[in-house]
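A.B. asks: First, the structure itself, so that you have it in front of you.
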Amino acid sequence: MANEAHTYVLRTIPQASRFQLDYHRLLNEAQYDAVTTLEGPVLVVAGAGSGKTRTLVFRVARLVESGVDPRAILLLTFTRKAAAEMLRRASGLLDGRCDQVAGGTFHSFANSVLRRYAAALELSSSFTILDRGDAEDVISLLRARLGFDKKDKRFPRKQLIAELYSMAVNKSRPIERLVEEEYSHLADHLDDLVTLHREYTAYKTSRHLLDYDDLLVKLHELLAAHAPVREQLSRRHVYIMVDEYQDTNALQAAIVRLLAATHDNVMAVGDDAQSIYAFRGANFRNIMDFPKLFPGTRVIALEQNYRSTQPVLDLGNAIIEKATERYTKILFTNRPGGETPLLVAAHNENFQSRFVCQRVLELREEGVPLHEMAVLFRSSFHSFDLEIELSRHDIPFVKRGGFKFIETAHVKDALAHLRVLANPRDSVSWHRILLLIEGIGPRTAEDIIAQLSGATNVAECLEQFPPRPFSTDLRALAGLFRRLGDGQPTPAEQLAEILRYYEPLLKRKHPDDHPKRLKDLEHFVAIAARYRRAEALLADMALEPPSDSVNDVVAVDADEEGLLTLSTIHSAKGLEWHTVFIIWVVDGKFPSAYSMGTTEELEEERRLLYVAATRAKQNLYVCYPVNMYDRAAGMVFSKPSRFLDDIPGDALHRVRLVEAPEA
DNA sequence: TCACGGAATATTTTT
DNA sequence: TATTCCGTGA
């Protein structure tokens, strides 16, 4: 026995003792790889439905289980809701520790960092965030002040100017070059646009105003120019994960690079085929440049799809196959069976709407709950007719994307009062507030704001303004601020006080439809009640406004059976449903006629259709009306989207909707 | 300087 | 079609 030769094998002891979760069993190989690579730069190229979120969630859990302080993990996502959902799931897997992970959007992260380190940038920590509309208001104001509005050559509109300035930041290119390359029709006004931009920047600085782009610019500046702060932040956020990396831009990439300065522990997750935010300055090539930014990057591809049936996936693959530039993968699935997606030709828009309603009701009968179905479209207004039809059939729905309720004039009016309370130098909000008063126009408002800027007590200053026809109203406003200054009211109480002042003004301004607007404002008070600090409310309203659209829920009964989702494709990113309808898949609408100028734009539209198609788990209906109304030509025949042109019939089954004889 | 009404015009997607 | 612009009268 003692003489017998033994061979010994080293065997790893199962790590059950060390980790609560059986990562090996719960993840596929590529996912496991991504989840367990904790140190160093990693790029996860994750196809649609390949368990990207699952991977991120498990990685958070893995990090925490490995003894990493949850507060050292930073999860940057596209919406804060996405971050919250992931952390909720991670907590479900493991325990409450995962809640302490820092998470949010680039913008909300920038917001909180900048408030904390405002001093380093000679910025007030009570700065106000301008949304796009606010930025446009400022631009319009300055444009008038500079006299650009009445030149012989018509000056561009504020929207376009704001877009130009924003694009310059998000594409990291000077205005001059951008105009030359992409806005050549503005070339005549180049000098004035540059002047206006300088004024715009100065205006914001002197009044502690930051627009969306400034948040990123200032954060970058803070990290780039202040080494001690960079060190501190980098040591604080030791494990960084960036979701939806294909929709980030060069500036955001630079921020990540600086944040990771001391450790290089960054995991970027994304899919170049799903890049749909170029109009905001995102560049899908960013994802391919990640390894250049972080030498030694480990690239992991997730190619197995767990979401969709093979026929749905085949259609997705067929759509994206013809993209002119493509870096990655063909998705495959193990999900058996499934129906071939249908291309449904409806006689006109209303037939299309009725088809959706009918099919939704049938599926509900078959046991598919409403919240497992969604209707997707290119542009928000494409669903108007459908919304009417759904109401008629008593089908409850939520609409995501499009015009948000926070963007309606009356909500912004009410919000403005809260904003000046936090930042008395917020002249944008002052402007809004004062123009509500009868008899006060831009000129008088300017005067009053000038007075206010030197004042220590707002209410007193307003009361002391020399008598004018509108003095009574001004005193009422002063009274409001006096009351708001008293005690420590909650944001909801403050808002209620504001509404008492605002209601008469609202009724005067909108004699016909003020009841609807008042209802919105009550809704707003309810939202405010969730906050204890006004600052948090204000930041959220600017950065993460409630995603419900204005014409919101037809709240029949939002019981467990839930609501049907209507959504723009952009707002449907990352989500999935049992059944998906895509409507208005017509050339000119999808791709949008405004995006047919360049190949880049057209390619982005193609990716958009790809994103839409890959949201479906089981059923996919691609719909279009054969006859549609065109303002110029009246009723015309439509042509299905060019992206469907060469798709064979076995990948997309073409059917025509005919009216069944009444039963 | 303000308010209002008629004319011009661009028209999507969002932090 | 809805918004923004621009001129007019108060």
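Residues in the structure tokens are numbered from 1 in each chain, the chains being A, B, ... in the order shown, and ligands are numbered from 1 in the order shown.
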Name the residues of stretch 437-524 of chain A that come out as helix (DSSP H, G or I) in a backbone DSSP run; write them as a PyMOL selection string.
C.D. replies: chain A and resi 442-454+458-463+471-485+491-509+514-524
A.B. asks: Please save C-alpha atoms of the selected residues as a JSON list (two decimals), in the first residue's frame.
C.D. replies:
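Now in out-v8.json:
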```json
[["chain", "number", "residue", "atom", "x", "y", "z"],
["A", 442, "PRO", "CA", -40.28, 91.90, -21.29],
["A", 443, "ARG", "CA", -39.09, 95.44, -20.69],
["A", 444, "THR", "CA", -40.62, 95.95, -17.27],
["A", 445, "ALA", "CA", -39.62, 92.45, -16.26],
["A", 446, "GLU", "CA", -36.01, 93.31, -17.06],
["A", 447, "ASP", "CA", -36.22, 96.37, -14.81],
["A", 448, "ILE", "CA", -37.68, 94.44, -11.92],
["A", 449, "ILE", "CA", -35.14, 91.64, -12.28],
["A", 450, "ALA", "CA", -32.34, 94.20, -12.26],
["A", 451, "GLN", "CA", -33.72, 95.58, -8.99],
["A", 452, "LEU", "CA", -34.05, 92.11, -7.55],
["A", 453, "SER", "CA", -30.50, 91.10, -8.35],
["A", 454, "GLY", "CA", -29.18, 93.54, -5.77],
["A", 458, "VAL", "CA", -37.21, 89.55, -2.39],
["A", 459, "ALA", "CA", -40.58, 90.41, -0.89],
["A", 460, "GLU", "CA", -39.44, 93.83, 0.31],
["A", 461, "CYS", "CA", -37.89, 94.65, -3.01],
["A", 462, "LEU", "CA", -41.08, 93.79, -4.87],
["A", 463, "GLU", "CA", -43.16, 95.92, -2.54],
["A", 471, "SER", "CA", -48.52, 97.28, -8.46],
["A", 472, "THR", "CA", -51.36, 95.42, -6.79],
["A", 473, "ASP", "CA", -50.36, 92.21, -8.49],
["A", 474, "LEU", "CA", -46.73, 92.78, -7.64],
["A", 475, "ARG", "CA", -47.67, 93.16, -4.00],
["A", 476, "ALA", "CA", -49.62, 89.92, -4.16],
["A", 477, "LEU", "CA", -46.46, 88.27, -5.44],
["A", 478, "ALA", "CA", -44.47, 89.84, -2.62],
["A", 479, "GLY", "CA", -47.01, 88.44, -0.18],
["A", 480, "LEU", "CA", -46.50, 85.00, -1.65],
["A", 481, "PHE", "CA", -42.75, 85.15, -1.13],
["A", 482, "ARG", "CA", -43.21, 86.43, 2.39],
["A", 483, "ARG", "CA", -45.37, 83.43, 3.22],
["A", 484, "LEU", "CA", -42.99, 81.04, 1.47],
["A", 485, "GLY", "CA", -40.13, 82.37, 3.52],
["A", 491, "PRO", "CA", -42.02, 71.42, -1.10],
["A", 492, "ALA", "CA", -45.61, 70.23, -1.37],
["A", 493, "GLU", "CA", -46.80, 72.88, 1.07],
["A", 494, "GLN", "CA", -44.84, 75.53, -0.77],
["A", 495, "LEU", "CA", -46.32, 74.44, -4.03],
["A", 496, "ALA", "CA", -49.84, 74.53, -2.61],
["A", 497, "GLU", "CA", -49.19, 78.09, -1.48],
["A", 498, "ILE", "CA", -47.90, 78.99, -4.92],
["A", 499, "LEU", "CA", -51.00, 77.55, -6.53],
["A", 500, "ARG", "CA", -53.25, 79.71, -4.39],
["A", 501, "TYR", "CA", -51.46, 82.69, -5.89],
["A", 502, "TYR", "CA", -51.21, 81.26, -9.37],
["A", 503, "GLU", "CA", -54.72, 79.95, -9.85],
["A", 504, "PRO", "CA", -56.36, 83.31, -10.68],
["A", 505, "LEU", "CA", -53.58, 84.09, -13.14],
["A", 506, "LEU", "CA", -54.06, 80.71, -14.78],
["A", 507, "LYS", "CA", -57.78, 81.25, -15.12],
["A", 508, "ARG", "CA", -57.24, 84.61, -16.73],
["A", 509, "LYS", "CA", -54.68, 83.25, -19.17],
["A", 514, "HIS", "CA", -58.09, 75.80, -16.94],
["A", 515, "PRO", "CA", -59.79, 72.83, -15.26],
["A", 516, "LYS", "CA", -57.56, 70.41, -17.16],
["A", 517, "ARG", "CA", -54.51, 72.44, -16.28],
["A", 518, "LEU", "CA", -55.47, 72.64, -12.62],
["A", 519, "LYS", "CA", -55.69, 68.88, -12.58],
["A", 520, "ASP", "CA", -52.13, 68.69, -13.89],
["A", 521, "LEU", "CA", -51.05, 71.00, -11.11],
["A", 522, "GLU", "CA", -52.71, 68.86, -8.48],
["A", 523, "HIS", "CA", -50.86, 65.93, -9.93],
["A", 524, "PHE", "CA", -47.72, 68.00, -9.57]]
```
A.B. asks: Just want the 10 Å neighbourhood of stretch 8-14 of chain B, counted on only C-alpha atoms (C1' of nucleotides), with same-chain residues fewer than 3 positions away dropped. Output as a PDB file with N, CA and C atoms (P, O5', C5', C4', C3', O3' and C1' of nucleotides), in the first residue's frame.
C.D. replies:
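In the end it all went to part-v4.pdb:
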```pdb
ATOM      1  N   ARG A 132     -34.190  72.282 -21.799  1.00  0.00           N
ATOM      2  CA  ARG A 132     -34.019  72.792 -23.152  1.00  0.00           C
ATOM      3  C   ARG A 132     -34.881  74.030 -23.410  1.00  0.00           C
ATOM      4  N   ARG A 157     -34.340  80.318 -35.780  1.00  0.00           N
ATOM      5  CA  ARG A 157     -35.187  80.277 -34.592  1.00  0.00           C
ATOM      6  C   ARG A 157     -34.421  79.721 -33.395  1.00  0.00           C
ATOM      7  N   ILE A 276     -28.963  54.979 -31.013  1.00  0.00           N
ATOM      8  CA  ILE A 276     -30.075  55.753 -31.584  1.00  0.00           C
ATOM      9  C   ILE A 276     -30.125  57.189 -31.065  1.00  0.00           C
ATOM     10  N   TYR A 277     -29.015  57.679 -30.554  1.00  0.00           N
ATOM     11  CA  TYR A 277     -29.032  59.036 -30.008  1.00  0.00           C
ATOM     12  C   TYR A 277     -28.021  59.966 -30.669  1.00  0.00           C
ATOM     13  N   ALA A 278     -27.745  59.748 -31.942  1.00  0.00           N
ATOM     14  CA  ALA A 278     -26.805  60.624 -32.649  1.00  0.00           C
ATOM     15  C   ALA A 278     -27.323  62.055 -32.658  1.00  0.00           C
ATOM     16  N   PHE A 279     -28.635  62.226 -32.679  1.00  0.00           N
ATOM     17  CA  PHE A 279     -29.199  63.574 -32.721  1.00  0.00           C
ATOM     18  C   PHE A 279     -28.883  64.343 -31.450  1.00  0.00           C
ATOM     19  N   ARG A 280     -28.377  63.638 -30.481  1.00  0.00           N
ATOM     20  CA  ARG A 280     -27.991  64.278 -29.234  1.00  0.00           C
ATOM     21  C   ARG A 280     -26.480  64.311 -29.099  1.00  0.00           C
ATOM     22  N   ARG A 378     -42.308  55.781 -34.254  1.00  0.00           N
ATOM     23  CA  ARG A 378     -41.150  56.640 -34.474  1.00  0.00           C
ATOM     24  C   ARG A 378     -41.300  57.992 -33.762  1.00  0.00           C
ATOM     25  N   SER A 379     -42.464  58.609 -33.930  1.00  0.00           N
ATOM     26  CA  SER A 379     -42.671  59.932 -33.366  1.00  0.00           C
ATOM     27  C   SER A 379     -43.917  59.932 -32.494  1.00  0.00           C
ATOM     28  N   SER A 380     -43.850  60.742 -31.490  1.00  0.00           N
ATOM     29  CA  SER A 380     -44.894  60.733 -30.482  1.00  0.00           C
ATOM     30  C   SER A 380     -46.302  60.917 -31.059  1.00  0.00           C
ATOM     31  N   PHE A 381     -46.429  61.802 -32.043  1.00  0.00           N
ATOM     32  CA  PHE A 381     -47.778  62.107 -32.532  1.00  0.00           C
ATOM     33  C   PHE A 381     -48.377  60.970 -33.367  1.00  0.00           C
ATOM     34  N   GLY A 401     -42.690  58.879 -23.425  1.00  0.00           N
ATOM     35  CA  GLY A 401     -42.011  59.650 -24.452  1.00  0.00           C
ATOM     36  C   GLY A 401     -42.892  60.770 -24.958  1.00  0.00           C
ATOM     37  N   GLY A 402     -42.333  61.591 -25.808  1.00  0.00           N
ATOM     38  CA  GLY A 402     -43.087  62.716 -26.331  1.00  0.00           C
ATOM     39  C   GLY A 402     -43.146  63.855 -25.333  1.00  0.00           C
ATOM     40  N   THR A 568     -42.648  55.913 -27.704  1.00  0.00           N
ATOM     41  CA  THR A 568     -41.715  56.146 -28.790  1.00  0.00           C
ATOM     42  C   THR A 568     -40.646  55.067 -28.677  1.00  0.00           C
ATOM     43  N   ILE A 569     -40.011  54.774 -29.773  1.00  0.00           N
ATOM     44  CA  ILE A 569     -38.990  53.725 -29.733  1.00  0.00           C
ATOM     45  C   ILE A 569     -37.842  54.158 -28.831  1.00  0.00           C
ATOM     46  N   HIS A 570     -37.520  55.454 -28.882  1.00  0.00           N
ATOM     47  CA  HIS A 570     -36.429  55.922 -28.025  1.00  0.00           C
ATOM     48  C   HIS A 570     -36.705  55.629 -26.555  1.00  0.00           C
ATOM     49  N   SER A 571     -37.943  55.849 -26.150  1.00  0.00           N
ATOM     50  CA  SER A 571     -38.274  55.625 -24.741  1.00  0.00           C
ATOM     51  C   SER A 571     -38.478  54.150 -24.419  1.00  0.00           C
ATOM     52  N   LYS A 589     -42.314  58.399 -42.743  1.00  0.00           N
ATOM     53  CA  LYS A 589     -42.563  58.487 -41.306  1.00  0.00           C
ATOM     54  C   LYS A 589     -41.473  57.697 -40.591  1.00  0.00           C
ATOM     55  N   SER A 592     -38.110  58.707 -40.966  1.00  0.00           N
ATOM     56  CA  SER A 592     -38.702  60.023 -41.034  1.00  0.00           C
ATOM     57  C   SER A 592     -38.110  60.792 -42.217  1.00  0.00           C
ATOM     58  N   ALA A 593     -38.970  61.540 -42.888  1.00  0.00           N
ATOM     59  CA  ALA A 593     -38.520  62.291 -44.056  1.00  0.00           C
ATOM     60  C   ALA A 593     -37.379  63.246 -43.701  1.00  0.00           C
ATOM     61  N   TYR A 594     -37.351  63.647 -42.427  1.00  0.00           N
ATOM     62  CA  TYR A 594     -36.313  64.595 -42.018  1.00  0.00           C
ATOM     63  C   TYR A 594     -34.981  63.919 -41.778  1.00  0.00           C
ATOM     64  N   SER A 595     -34.979  62.618 -41.816  1.00  0.00           N
ATOM     65  CA  SER A 595     -33.740  61.891 -41.560  1.00  0.00           C
ATOM     66  C   SER A 595     -33.213  61.236 -42.817  1.00  0.00           C
ATOM     67  N   LEU A 608     -32.964  52.114 -35.365  1.00  0.00           N
ATOM     68  CA  LEU A 608     -34.154  52.380 -34.576  1.00  0.00           C
ATOM     69  C   LEU A 608     -35.211  51.300 -34.815  1.00  0.00           C
TER      70      LEU A 608
ATOM     71  P    DT C   1     -55.711  70.417 -39.608  1.00  0.00           P
ATOM     72  O5'  DT C   1     -54.314  70.720 -38.859  1.00  0.00           O
ATOM     73  C5'  DT C   1     -53.438  69.651 -38.518  1.00  0.00           C
ATOM     74  C4'  DT C   1     -52.483  70.146 -37.472  1.00  0.00           C
ATOM     75  C3'  DT C   1     -53.046  71.237 -36.561  1.00  0.00           C
ATOM     76  O3'  DT C   1     -52.558  70.999 -35.255  1.00  0.00           O
ATOM     77  C1'  DT C   1     -51.139  72.052 -37.677  1.00  0.00           C
ATOM     78  P    DA C   2     -53.223  71.593 -33.951  1.00  0.00           P
ATOM     79  O5'  DA C   2     -51.929  72.163 -33.221  1.00  0.00           O
ATOM     80  C5'  DA C   2     -50.729  71.394 -33.234  1.00  0.00           C
ATOM     81  C4'  DA C   2     -49.548  72.314 -33.020  1.00  0.00           C
ATOM     82  C3'  DA C   2     -49.772  73.391 -31.964  1.00  0.00           C
ATOM     83  O3'  DA C   2     -48.594  73.466 -31.187  1.00  0.00           O
ATOM     84  C1'  DA C   2     -49.192  74.416 -33.991  1.00  0.00           C
ATOM     85  P    DT C   3     -48.507  74.293 -29.843  1.00  0.00           P
ATOM     86  O5'  DT C   3     -47.173  75.130 -30.076  1.00  0.00           O
ATOM     87  C5'  DT C   3     -46.125  74.555 -30.848  1.00  0.00           C
ATOM     88  C4'  DT C   3     -45.419  75.628 -31.626  1.00  0.00           C
ATOM     89  C3'  DT C   3     -45.054  76.872 -30.802  1.00  0.00           C
ATOM     90  O3'  DT C   3     -43.649  76.957 -30.803  1.00  0.00           O
ATOM     91  C1'  DT C   3     -45.919  77.452 -32.935  1.00  0.00           C
ATOM     92  P    DT C   4     -42.892  77.929 -29.785  1.00  0.00           P
ATOM     93  O5'  DT C   4     -42.342  79.059 -30.769  1.00  0.00           O
ATOM     94  C5'  DT C   4     -41.736  78.666 -31.991  1.00  0.00           C
ATOM     95  C4'  DT C   4     -41.757  79.842 -32.945  1.00  0.00           C
ATOM     96  C3'  DT C   4     -41.308  81.172 -32.312  1.00  0.00           C
ATOM     97  O3'  DT C   4     -40.268  81.698 -33.112  1.00  0.00           O
ATOM     98  C1'  DT C   4     -43.303  81.440 -33.552  1.00  0.00           C
ATOM     99  P    DC C   5     -39.523  83.034 -32.720  1.00  0.00           P
ATOM    100  O5'  DC C   5     -40.147  84.027 -33.798  1.00  0.00           O
ATOM    101  C5'  DC C   5     -40.152  83.621 -35.165  1.00  0.00           C
ATOM    102  C4'  DC C   5     -40.896  84.654 -36.001  1.00  0.00           C
ATOM    103  C3'  DC C   5     -40.484  86.110 -35.720  1.00  0.00           C
ATOM    104  O3'  DC C   5     -40.277  86.735 -36.968  1.00  0.00           O
ATOM    105  C1'  DC C   5     -42.836  85.864 -35.567  1.00  0.00           C
ATOM    106  P    DC C   6     -39.548  88.173 -37.025  1.00  0.00           P
ATOM    107  O5'  DC C   6     -40.767  89.163 -37.292  1.00  0.00           O
ATOM    108  C5'  DC C   6     -41.633  88.921 -38.406  1.00  0.00           C
ATOM    109  C4'  DC C   6     -42.747  89.944 -38.394  1.00  0.00           C
ATOM    110  C3'  DC C   6     -42.311  91.353 -37.964  1.00  0.00           C
ATOM    111  O3'  DC C   6     -42.912  92.278 -38.847  1.00  0.00           O
ATOM    112  C1'  DC C   6     -44.110  90.618 -36.628  1.00  0.00           C
TER     113       DC C   6
END
```
A.B. asks: Set the distance at 12 Å and use only C-alpha atoms (C1' of nucleotides): which residues neighbour C:DG9 once local chain neighbours fewer than 6 positions away are removed? I'd like the list as a list in words.
C.D. replies: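 Near neighbours after the sequence-gap exclusion: DC2, DA3, DC4 and DG5 of chain B.
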A.B. asks: Store the residues picked out above in a file with C-alpha atoms (C1' of nucleotides), as a compact mmCIF listing (two decimals), in the first residue's frame.
C.D. replies:
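Done, and the output landed in selection-v4.txt:
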```
# COMPACT_ATOMS: atom_id res chain seq x y z
C1' DC B 2 -47.95 95.83 -23.82
C1' DA B 3 -51.40 92.79 -25.86
C1' DC B 4 -53.37 90.88 -29.57
C1' DG B 5 -54.26 89.09 -34.21
```
A.B. asks: Extract the full set of strand (DSSP E) residues from stretch 88-317 of chain A according to DSSP on the backbone, and format it as a list in words.
C.D. replies: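 Restricting stretch 88-317 of chain A to strand (DSSP E) produces Ala102, Gly103, Gly104, Thr128, Ile129, Leu130, Leu209, Leu210, Asp211, Tyr239, Ile240, Met241, Val242, Val266, Met267, Ala268, Val269, Gly270, Arg298, Val299, Ile300, Ala301, Leu302, Gln304 and Asn305 of chain A.
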A.B. asks: Please save N, CA and C atoms of the selected residues as a compact mmCIF listing (two decimals), in the first residue's frame.
C.D. replies:
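File result_0.txt, as written:
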```txt
# COMPACT_ATOMS: atom_id res chain seq x y z
N ALA A 102 -23.97 53.75 -5.80
CA ALA A 102 -24.30 55.03 -6.42
C ALA A 102 -24.72 54.79 -7.85
N GLY A 103 -25.84 55.35 -8.24
CA GLY A 103 -26.31 55.11 -9.60
C GLY A 103 -27.11 56.26 -10.15
N GLY A 104 -27.13 56.39 -11.44
CA GLY A 104 -27.91 57.44 -12.07
C GLY A 104 -27.41 57.72 -13.47
N THR A 128 -29.08 76.63 -10.72
CA THR A 128 -30.33 76.13 -11.30
C THR A 128 -30.04 75.42 -12.61
N ILE A 129 -30.74 74.32 -12.84
CA ILE A 129 -30.56 73.60 -14.09
C ILE A 129 -31.59 74.07 -15.11
N LEU A 130 -31.12 74.48 -16.26
CA LEU A 130 -32.02 74.90 -17.33
C LEU A 130 -32.36 73.71 -18.21
N LEU A 209 -26.67 79.61 -13.64
CA LEU A 209 -27.54 78.73 -14.42
C LEU A 209 -26.68 77.74 -15.18
N LEU A 210 -27.11 76.49 -15.17
CA LEU A 210 -26.40 75.47 -15.95
C LEU A 210 -27.39 74.75 -16.84
N ASP A 211 -27.09 74.68 -18.13
CA ASP A 211 -27.96 73.87 -18.98
C ASP A 211 -27.45 72.43 -18.94
N TYR A 239 -15.22 51.18 -8.69
CA TYR A 239 -15.72 50.27 -9.73
C TYR A 239 -16.83 50.98 -10.49
N ILE A 240 -16.55 51.26 -11.74
CA ILE A 240 -17.48 52.04 -12.54
C ILE A 240 -18.09 51.15 -13.62
N MET A 241 -19.40 51.24 -13.75
CA MET A 241 -20.08 50.52 -14.83
C MET A 241 -20.90 51.51 -15.62
N VAL A 242 -20.78 51.46 -16.94
CA VAL A 242 -21.53 52.37 -17.79
C VAL A 242 -22.42 51.55 -18.72
N VAL A 266 -13.25 49.91 -15.17
CA VAL A 266 -14.45 50.38 -15.85
C VAL A 266 -15.04 49.26 -16.69
N MET A 267 -16.31 49.03 -16.52
CA MET A 267 -16.98 48.13 -17.44
C MET A 267 -17.98 48.93 -18.26
N ALA A 268 -17.78 48.94 -19.58
CA ALA A 268 -18.73 49.60 -20.47
C ALA A 268 -19.57 48.52 -21.13
N VAL A 269 -20.87 48.74 -21.17
CA VAL A 269 -21.78 47.77 -21.75
C VAL A 269 -22.60 48.46 -22.83
N GLY A 270 -22.69 47.83 -23.98
CA GLY A 270 -23.49 48.46 -25.02
C GLY A 270 -23.57 47.62 -26.28
N ARG A 298 -10.52 44.14 -21.90
CA ARG A 298 -11.01 42.81 -22.21
C ARG A 298 -12.35 42.96 -22.91
N VAL A 299 -12.51 42.40 -24.09
CA VAL A 299 -13.77 42.52 -24.80
C VAL A 299 -14.55 41.21 -24.69
N ILE A 300 -15.76 41.31 -24.23
CA ILE A 300 -16.60 40.13 -24.08
C ILE A 300 -17.89 40.36 -24.87
N ALA A 301 -18.26 39.39 -25.70
CA ALA A 301 -19.48 39.54 -26.49
C ALA A 301 -20.57 38.64 -25.95
N LEU A 302 -21.75 39.21 -25.77
CA LEU A 302 -22.91 38.40 -25.40
C LEU A 302 -23.78 38.26 -26.65
N GLN A 304 -25.97 35.34 -27.19
CA GLN A 304 -27.16 34.51 -27.07
C GLN A 304 -28.32 35.34 -26.57
N ASN A 305 -29.38 35.30 -27.31
CA ASN A 305 -30.57 36.07 -26.98
C ASN A 305 -31.53 35.22 -26.16
```
A.B. asks: Can I get the residues of chain A within 7 Å of chain B, each with the closest pair of atoms and their distance in Å to one decimal, using only C-alpha atoms (C1' of nucleotides), sorted chain first then ascending number, as JSON lines?
C.D. replies:
```
{"residue": "A:His107", "atom": "CA", "partner": "B:DT15", "partner_atom": "C1'", "distance": 6.6}
{"residue": "A:Tyr212", "atom": "CA", "partner": "B:DT15", "partner_atom": "C1'", "distance": 6.6}
{"residue": "A:Ser379", "atom": "CA", "partner": "B:DT12", "partner_atom": "C1'", "distance": 5.6}
{"residue": "A:Gly439", "atom": "CA", "partner": "B:DC2", "partner_atom": "C1'", "distance": 6.3}
{"residue": "A:Gly441", "atom": "CA", "partner": "B:DC2", "partner_atom": "C1'", "distance": 6.1}
{"residue": "A:Leu543", "atom": "CA", "partner": "B:DT15", "partner_atom": "C1'", "distance": 6.4}
{"residue": "A:His570", "atom": "CA", "partner": "B:DT13", "partner_atom": "C1'", "distance": 6.3}
```
A.B. asks: Neighbouring residues of A:Arg607 were defined as those with any atom within 7 Å, considering only C-alpha atoms (C1' of nucleotides); residues of the same chain fewer than 4 positions away were excluded. Please report them as a list in words.
C.D. replies: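 In the requested form, the answer reads Ala273, Gln274, Ser275, Ile276, Ile320, Glu603 and Val611 of chain A.
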A.B. asks: For C-alpha atoms, I'd like the residues from the last selection saved as a compact mmCIF listing (two decimals), in the first residue's frame.
C.D. replies:
```txt
# COMPACT_ATOMS: atom_id res chain seq x y z
CA ALA A 273 -26.46 48.14 -33.43
CA GLN A 274 -28.71 49.91 -30.95
CA SER A 275 -27.17 53.35 -31.09
CA ILE A 276 -30.07 55.75 -31.58
CA ILE A 320 -29.73 45.09 -39.29
CA GLU A 603 -28.60 54.26 -40.83
CA VAL A 611 -34.40 48.30 -31.60
```
